[in-house]
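Working notes for the structure below.
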Amino acid sequence: MEVLKIQNLSKSYGKLKALDDLNLVIESGQIMGLLGPNGSGKTTTLGIILGILSADSGNYTWFENKYDGKHRLRIGSILETPNFFPYLNADQNLDIVRQIKKVPKQEFDDLLELVQLKSRRKSNFRTFSLGMKQRLAIAATLIGDPDVVIFDEPTNGLDPQGIMEVRSTLSRIATRGKTVFMASHILDEVEKICTHVTIIKRGKLLATGPVGSILSKDLTIEVASQNNELLIGFLRSREDVKNILQKNGIVECQVDQKLDVSEFSKSIFNIGIVPTHFVARKKRLEEEFLEITK
Amino acid sequence: MIRLLKLEWTKFRKNNVIILMLTFFSLFLPASLYFTTIIPTLPAFFPSKESIIQFPSIWEYLGYAGNWMSFFFLGVLAIYLVSIEINNKTLRQSIINGLSRQEYFLSKVLSIFVLSIGATLFYTILCIIIGIINTEPDTLKLIFDNAYAIPRFFLMTFGYLSFALFLIFIIRRSGIALFLYIAYGIIIEVLIRYFIIEKVSNTAITNYFPLNSFEDLMPNPAFKFTESIPNSVEFDFLLTHQQATLSSIIYIILFLGISYLSFMKRDI
Ligand SMILES: Nc1ncnc2c1ncn2[C@@H]1O[C@H](COP(=O)(O)OP(=O)(O)OP(=O)(O)O)[C@@H](O)[C@H]1O
Ligand SMILES: [Mg+2]
């Protein structure tokens with residue numbers, strides 16, 4: 001099922017075009033990352049599909065219109081910051097969300113367990129650390145067992161420990177079979193968590209598809225040796241080697257992913273070069289990202 | 001509707017500012033009456049000190065005290081009901097979580113409605129208790145001779161709170177909305193009316209200004225005595241109850257209607 005379909009969405013803030021004719025489809029079960037540098041329109045996109053911002057043109061459809069305007073009750077989301085009443089405790093704040101979601105009265109033991117806040121459930125929200133606030137918000141998105149969860153930079157502003165906790169919580173959610181839509185400017189995050197990725201820049205769609213297909217087919221090979229001059233000369237002489245460059249004493253180049261790497265290393269050996277460093281790796285999404293958004 | 005009120009109750013029953021404002025309202029309303037009775041010399045045209053706390057005039061005196069108390073404490077509270085949700089972004093989150101904008105707006109209107117009902121009940125009970133204690137038994141039959149004071153009190157309070165909601169929904173900055181609410185209520189409207197009377201038209205038209213309409217539902221009892229009205233004024237200084245009621249209802253519809261329309265279409 002098409003969980004979300006965005007068609008020709010545009011929005012400007014004054015003269016600034018924040019979204020420019022965006023199209024996007026999310027299918028049920030996908031973990032879609034919305035990737036883009038700061039200011040690329042991620043939050044604006046999420047704000048529009050969540051009904052708090054209005055688009056200048058274009059439209060979007062949730063769940064193929066099956067919930068008749070009540071679709072937000074089937075979506076759990078946090079946008080930018082965790083938003084709660086500072087003078088109420090975790091339980092009370094979750095109960096407010098529960099009432100809005102029209103979910104029968106319940107204890108939140110499982111949810112608080114999932115985000116490791118059970119022992120602090122009676123503390124006021126204002127006494128929480130940023131990481132705890134973020135985790136409470138994640139718990140709140142799961143109230144009423146929504147079909148879709150949407151996160152906007154869920155690890156923003158957290159320390160490494162907090163980032164780890166939030167990511168592991170997200171991974172646990174992802175394994176529950178929910179459709180996830182997550183905005184981030186951190187590739188690593190998207191690469192680790194998502195099955196699909198949409199890349200935008202200055203409000204324009206650059207690429208969308210499975211994470212694997214957005215990755216290029218090339219392998220990156222790093223070699224270092226006593227005689228890099230000779231090495232570079234040799235690499236240049238080969239037809240199947242591209243984009244040769246030297247960085248900090250390491251020569252980097254790109255080859256097709258089907259290339260036999262051990263053959264390749266042998267051929268270097270055969271001309272009398274002894275590599276002190278040899279690594280073959282898939283081009284990382286990070287480099288792709290920088291390339292695509294350049 | 002009950003669901004929305006329950007939601008508001010969950011949000012605010014533990015809120016200190018709200019508890020404080022309600023406490024002030026309930027303390028200062030009876031206290032203000034007490035203070036008027038201990039003023040050593042009332043203006044000569046006043047009938048008697050005792051009339052302040054006796055039927056039927058207590059309805060007017062306590063009503064006028066409530067006029068100020070509702071304007072201040074309940075008005076500030078009404079602004080706070082929305083501004084705290086704007087500042088903590090729980091307004092935004094409520095919509096994200098699935099409340100419709102209509103429902104959200106309705107929850108605030110219901111809140112000020114319930115507040116106004118509560119304030120009116122408190123006023124009524126206070127009048128009856130103080131009145132019964134202080135009125136001579138033979139005049140006790142005047143107990144409800146109050147020219148619809150109870151609905152007038154309600155409408156006045158609801159009017160002020162509608163104005164407060166209007167400001168915070170339109171301006172969305174708690175500081176500015178609060179300042180404008182107090183400043184407009186106390187001085188700005190008076191200055192505008194003064195300017196119009198002086199420079200444009202010395203007629204009763206300025207009586208129909210919004211806050212004056214609400215105020216004239218429960219006016220200062222002193223203005224019943226011509227001695228206390230400024231000489232430069234060449235018209236009836238107070239709206240009649242009917243005029244004030246009609247004008248107030250129109251303003252309430254305008255304030256809430258404009259807030260609603262603006263809230264429905266703006267980014268939040
Ligand atoms: N309320 C607003 N008024 C004016 N400009 C805005 C507003 N909100 C966003 N913008 C601008 O619109 C553009 C897109 O902003 P948006 O917040 O959607 O980006 P983002 O991808 O979420 O960025 P980040 O990674 O920093 O969160 C930015 O240039 C931003 O400055
Ligand atoms: Mg953002």
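Chains: A, B, ... in order of the structure tokens. Residues: from 1 per chain. Ligands: from 1, in order shown.
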*Give as an MDAnalysis selection string the residues surrounding ligand 1 up to a distance of 10 Å, considering only C-alpha atoms and all ligand atoms.*
(chainID A and resid 11:19 34:48 53 79:80 152:153 156 183:186 200:203) or (chainID B and resid 267:268)
_So that I can check the surroundings of Arg92 of chain B, please list as a ChimeraX atom specification every protein, DNA and RNA residue that reaches within 9 Å of it, counting only C-alpha atoms and ignoring chain neighbours fewer than 6 positions away._
/A:52,83 /B:85-86,268
*Once you count only C-alpha atoms, which residues of chain B turn out to be within 10 Å of chain A? Could you give them as number ranges by chain?*
B: 3-4, 6-16, 84-85, 87-101, 264-268
Taking N, CA, C and O atoms for each residue, export the selection above as a compact mmCIF listing (two decimals), in the first residue's frame.
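Output contents, as saved in out_32.txt:
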```txt
# COMPACT_ATOMS: atom_id res chain seq x y z
N ARG B 3 -14.71 15.33 26.02
CA ARG B 3 -13.35 14.81 25.77
C ARG B 3 -12.35 15.97 25.74
O ARG B 3 -11.27 15.89 26.34
N LEU B 4 -12.72 17.05 25.07
CA LEU B 4 -11.80 18.19 24.98
C LEU B 4 -11.60 18.85 26.34
O LEU B 4 -10.48 19.27 26.69
N LYS B 6 -11.86 17.37 29.24
CA LYS B 6 -11.05 16.45 30.03
C LYS B 6 -9.56 16.63 29.70
O LYS B 6 -8.70 16.62 30.57
N LEU B 7 -9.32 16.78 28.41
CA LEU B 7 -7.96 16.98 27.94
C LEU B 7 -7.37 18.26 28.54
O LEU B 7 -6.24 18.26 29.06
N GLU B 8 -8.14 19.33 28.52
CA GLU B 8 -7.67 20.59 29.10
C GLU B 8 -7.42 20.43 30.59
O GLU B 8 -6.46 20.97 31.15
N TRP B 9 -8.29 19.69 31.23
CA TRP B 9 -8.16 19.46 32.67
C TRP B 9 -6.86 18.70 32.97
O TRP B 9 -6.11 19.05 33.88
N THR B 10 -6.57 17.66 32.17
CA THR B 10 -5.32 16.92 32.37
C THR B 10 -4.11 17.83 32.18
O THR B 10 -3.13 17.75 32.91
N LYS B 11 -4.20 18.72 31.20
CA LYS B 11 -3.07 19.60 30.92
C LYS B 11 -2.82 20.59 32.05
O LYS B 11 -1.68 20.90 32.37
N PHE B 12 -3.89 21.12 32.63
CA PHE B 12 -3.71 22.32 33.45
C PHE B 12 -4.00 22.17 34.93
O PHE B 12 -3.73 23.09 35.69
N ARG B 13 -4.51 21.03 35.37
CA ARG B 13 -4.90 20.98 36.77
C ARG B 13 -3.71 21.10 37.70
O ARG B 13 -3.84 21.50 38.85
N LYS B 14 -2.51 20.80 37.22
CA LYS B 14 -1.33 20.88 38.09
C LYS B 14 -0.52 22.14 37.82
O LYS B 14 0.62 22.23 38.25
N ASN B 15 -1.10 23.07 37.07
CA ASN B 15 -0.31 24.24 36.67
C ASN B 15 -0.36 25.34 37.72
O ASN B 15 -1.43 25.84 38.08
N ASN B 16 0.82 25.73 38.21
CA ASN B 16 0.88 26.69 39.31
C ASN B 16 0.35 28.07 38.96
O ASN B 16 -0.29 28.73 39.78
N ILE B 84 1.22 29.23 26.90
CA ILE B 84 2.12 28.18 27.40
C ILE B 84 2.21 27.05 26.38
O ILE B 84 3.24 26.40 26.23
N GLU B 85 1.14 26.85 25.63
CA GLU B 85 1.15 25.78 24.62
C GLU B 85 1.91 26.21 23.37
O GLU B 85 2.46 25.37 22.66
N ASN B 87 4.52 28.36 23.58
CA ASN B 87 5.93 28.39 23.99
C ASN B 87 6.54 27.00 24.13
O ASN B 87 7.70 26.80 23.80
N ASN B 88 5.78 26.05 24.61
CA ASN B 88 6.30 24.69 24.75
C ASN B 88 6.02 23.84 23.51
O ASN B 88 6.27 22.64 23.50
N LYS B 89 5.45 24.47 22.51
CA LYS B 89 5.13 23.80 21.24
C LYS B 89 4.17 22.62 21.42
O LYS B 89 4.15 21.71 20.59
N THR B 90 3.42 22.60 22.51
CA THR B 90 2.46 21.52 22.67
C THR B 90 1.24 21.75 21.78
O THR B 90 0.51 20.82 21.47
N LEU B 91 1.04 23.01 21.36
CA LEU B 91 -0.04 23.29 20.41
C LEU B 91 0.27 22.55 19.11
O LEU B 91 -0.53 21.77 18.60
N ARG B 92 1.48 22.80 18.60
CA ARG B 92 1.97 22.12 17.41
C ARG B 92 1.85 20.60 17.56
O ARG B 92 1.35 19.90 16.68
N GLN B 93 2.32 20.11 18.70
CA GLN B 93 2.34 18.67 18.91
C GLN B 93 0.93 18.09 18.96
O GLN B 93 0.69 16.98 18.50
N SER B 94 -0.02 18.86 19.53
CA SER B 94 -1.40 18.37 19.59
C SER B 94 -1.94 18.12 18.19
O SER B 94 -2.64 17.13 17.95
N ILE B 95 -1.64 19.04 17.28
CA ILE B 95 -2.12 18.88 15.90
C ILE B 95 -1.41 17.69 15.27
O ILE B 95 -2.04 16.84 14.63
N ILE B 96 -0.09 17.59 15.46
CA ILE B 96 0.66 16.45 14.92
C ILE B 96 0.08 15.14 15.45
O ILE B 96 -0.09 14.18 14.71
N ASN B 97 -0.27 15.13 16.72
CA ASN B 97 -0.78 13.90 17.34
C ASN B 97 -2.17 13.53 16.84
O ASN B 97 -2.63 12.42 17.09
N GLY B 98 -2.85 14.48 16.20
CA GLY B 98 -4.11 14.09 15.59
C GLY B 98 -5.33 14.91 15.98
O GLY B 98 -6.42 14.64 15.49
N LEU B 99 -5.15 15.88 16.87
CA LEU B 99 -6.28 16.76 17.16
C LEU B 99 -6.48 17.65 15.93
O LEU B 99 -5.51 18.09 15.33
N SER B 100 -7.73 17.89 15.53
CA SER B 100 -7.91 18.79 14.40
C SER B 100 -7.80 20.22 14.90
O SER B 100 -7.92 20.49 16.09
N ARG B 101 -7.57 21.14 14.00
CA ARG B 101 -7.47 22.54 14.43
C ARG B 101 -8.78 23.02 15.03
O ARG B 101 -8.79 23.76 16.00
N MET B 264 -7.17 28.68 11.67
CA MET B 264 -7.38 27.59 10.74
C MET B 264 -6.40 27.62 9.58
O MET B 264 -6.08 26.59 9.01
N LYS B 265 -5.95 28.83 9.20
CA LYS B 265 -5.14 28.81 7.99
C LYS B 265 -3.67 29.16 8.15
O LYS B 265 -2.89 28.97 7.23
N ARG B 266 -3.28 29.61 9.34
CA ARG B 266 -1.87 29.96 9.48
C ARG B 266 -1.00 28.75 9.79
O ARG B 266 -1.45 27.74 10.31
N ASP B 267 0.30 28.87 9.45
CA ASP B 267 1.27 27.86 9.85
C ASP B 267 1.43 27.91 11.37
O ASP B 267 1.37 28.98 11.96
N ILE B 268 1.59 26.76 11.97
CA ILE B 268 1.76 26.76 13.43
C ILE B 268 3.03 26.03 13.84
O ILE B 268 3.61 25.33 13.06
```
Using DSSP on the backbone coordinates, identify all residues within segment 98-197 of chain A classified as helix (DSSP H, G or I); present the result as a compact mmCIF listing (two decimals) with C-alpha atoms, in the first residue's frame.
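Once everything was written out, this is states10.txt:
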```txt
# COMPACT_ATOMS: atom_id res chain seq x y z
CA ARG A 98 -3.18 8.99 24.66
CA GLN A 99 -6.30 11.12 25.06
CA ILE A 100 -5.64 12.93 21.78
CA ASP A 109 5.01 0.18 31.14
CA ASP A 110 6.06 -1.38 27.85
CA LEU A 111 6.69 1.92 26.15
CA LEU A 112 8.69 3.30 29.05
CA GLU A 113 10.62 0.05 29.15
CA LEU A 114 11.43 0.35 25.47
CA LYS A 118 10.51 3.45 33.57
CA SER A 119 12.42 4.45 36.67
CA ARG A 120 11.90 8.15 35.90
CA PHE A 125 9.59 16.58 32.09
CA ARG A 126 11.59 19.71 32.88
CA THR A 127 14.06 17.67 34.94
CA LEU A 130 17.96 16.12 26.39
CA GLY A 131 18.41 12.44 25.63
CA MET A 132 15.64 11.47 28.03
CA LYS A 133 13.32 14.08 26.53
CA GLN A 134 14.02 12.71 23.10
CA ARG A 135 13.37 9.15 24.24
CA LEU A 136 10.11 10.15 25.92
CA ALA A 137 9.08 11.73 22.63
CA ILE A 138 9.90 8.51 20.82
CA ALA A 139 7.77 6.60 23.32
CA ALA A 140 4.93 9.06 22.70
CA THR A 141 5.03 8.43 18.97
CA PRO A 160 27.50 9.99 21.61
CA GLN A 161 25.91 8.00 24.43
CA GLY A 162 22.50 9.61 23.77
CA ILE A 163 22.85 9.08 20.03
CA MET A 164 23.58 5.42 20.61
CA GLU A 165 20.55 4.98 22.87
CA VAL A 166 18.21 6.72 20.47
CA ARG A 167 19.53 4.78 17.49
CA SER A 168 19.14 1.47 19.21
CA THR A 169 15.59 2.45 20.16
CA LEU A 170 14.89 3.36 16.53
CA SER A 171 16.27 0.07 15.31
CA ARG A 172 14.02 -1.77 17.72
CA ILE A 173 11.04 0.17 16.39
CA ALA A 174 12.02 -0.57 12.83
CA LEU A 187 24.37 9.87 6.47
CA ASP A 188 25.68 7.34 8.82
CA GLU A 189 22.32 7.32 10.57
CA VAL A 190 20.38 6.81 7.35
CA GLU A 191 22.83 4.23 6.10
CA LYS A 192 22.53 2.23 9.32
CA ILE A 193 18.79 2.42 9.87
```
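Atom CA of Asp240 of chain A lies 20.5 Å from atom CA of His277 of chain A.
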Find the spatial neighbours of segment 116-119 of chain B, counting only C-alpha atoms, within a cut-off of 7 Å - ignore same-chain residues fewer than 5 positions away - and output them as a CSV table (one decimal) with all heavy atoms, in the first residue's frame.
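So the final result, stored in result-v1.csv, reads:
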```
chain,number,residue,atom,x,y,z
B,154,PHE,N,-21.8,37.0,33.6
B,154,PHE,CA,-21.2,35.9,32.8
B,154,PHE,C,-20.8,36.5,31.4
B,154,PHE,O,-19.6,36.2,31.0
B,154,PHE,CB,-22.2,34.8,32.5
B,154,PHE,CG,-21.8,33.9,31.4
B,154,PHE,CD1,-20.9,32.9,31.7
B,154,PHE,CD2,-22.3,34.0,30.1
B,154,PHE,CE1,-20.5,32.0,30.6
B,154,PHE,CE2,-21.9,33.2,29.1
B,154,PHE,CZ,-21.0,32.2,29.4
B,157,THR,N,-17.6,38.5,31.7
B,157,THR,CA,-16.3,37.7,31.8
B,157,THR,C,-16.0,37.0,30.5
B,157,THR,O,-14.9,37.0,30.1
B,157,THR,CB,-16.6,36.7,33.0
B,157,THR,OG1,-16.9,37.4,34.1
B,157,THR,CG2,-15.3,35.9,33.2
B,158,PHE,N,-17.0,36.4,29.9
B,158,PHE,CA,-16.8,35.7,28.6
B,158,PHE,C,-16.2,36.7,27.6
B,158,PHE,O,-15.4,36.3,26.8
B,158,PHE,CB,-18.0,35.0,28.2
B,158,PHE,CG,-17.8,34.0,27.1
B,158,PHE,CD1,-17.0,32.9,27.3
B,158,PHE,CD2,-18.4,34.2,25.8
B,158,PHE,CE1,-16.8,32.0,26.3
B,158,PHE,CE2,-18.2,33.2,24.8
B,158,PHE,CZ,-17.4,32.1,25.1
```
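Atom CA of Leu20 of chain B lies 28.0 Å from atom CA of Ser248 of chain B.
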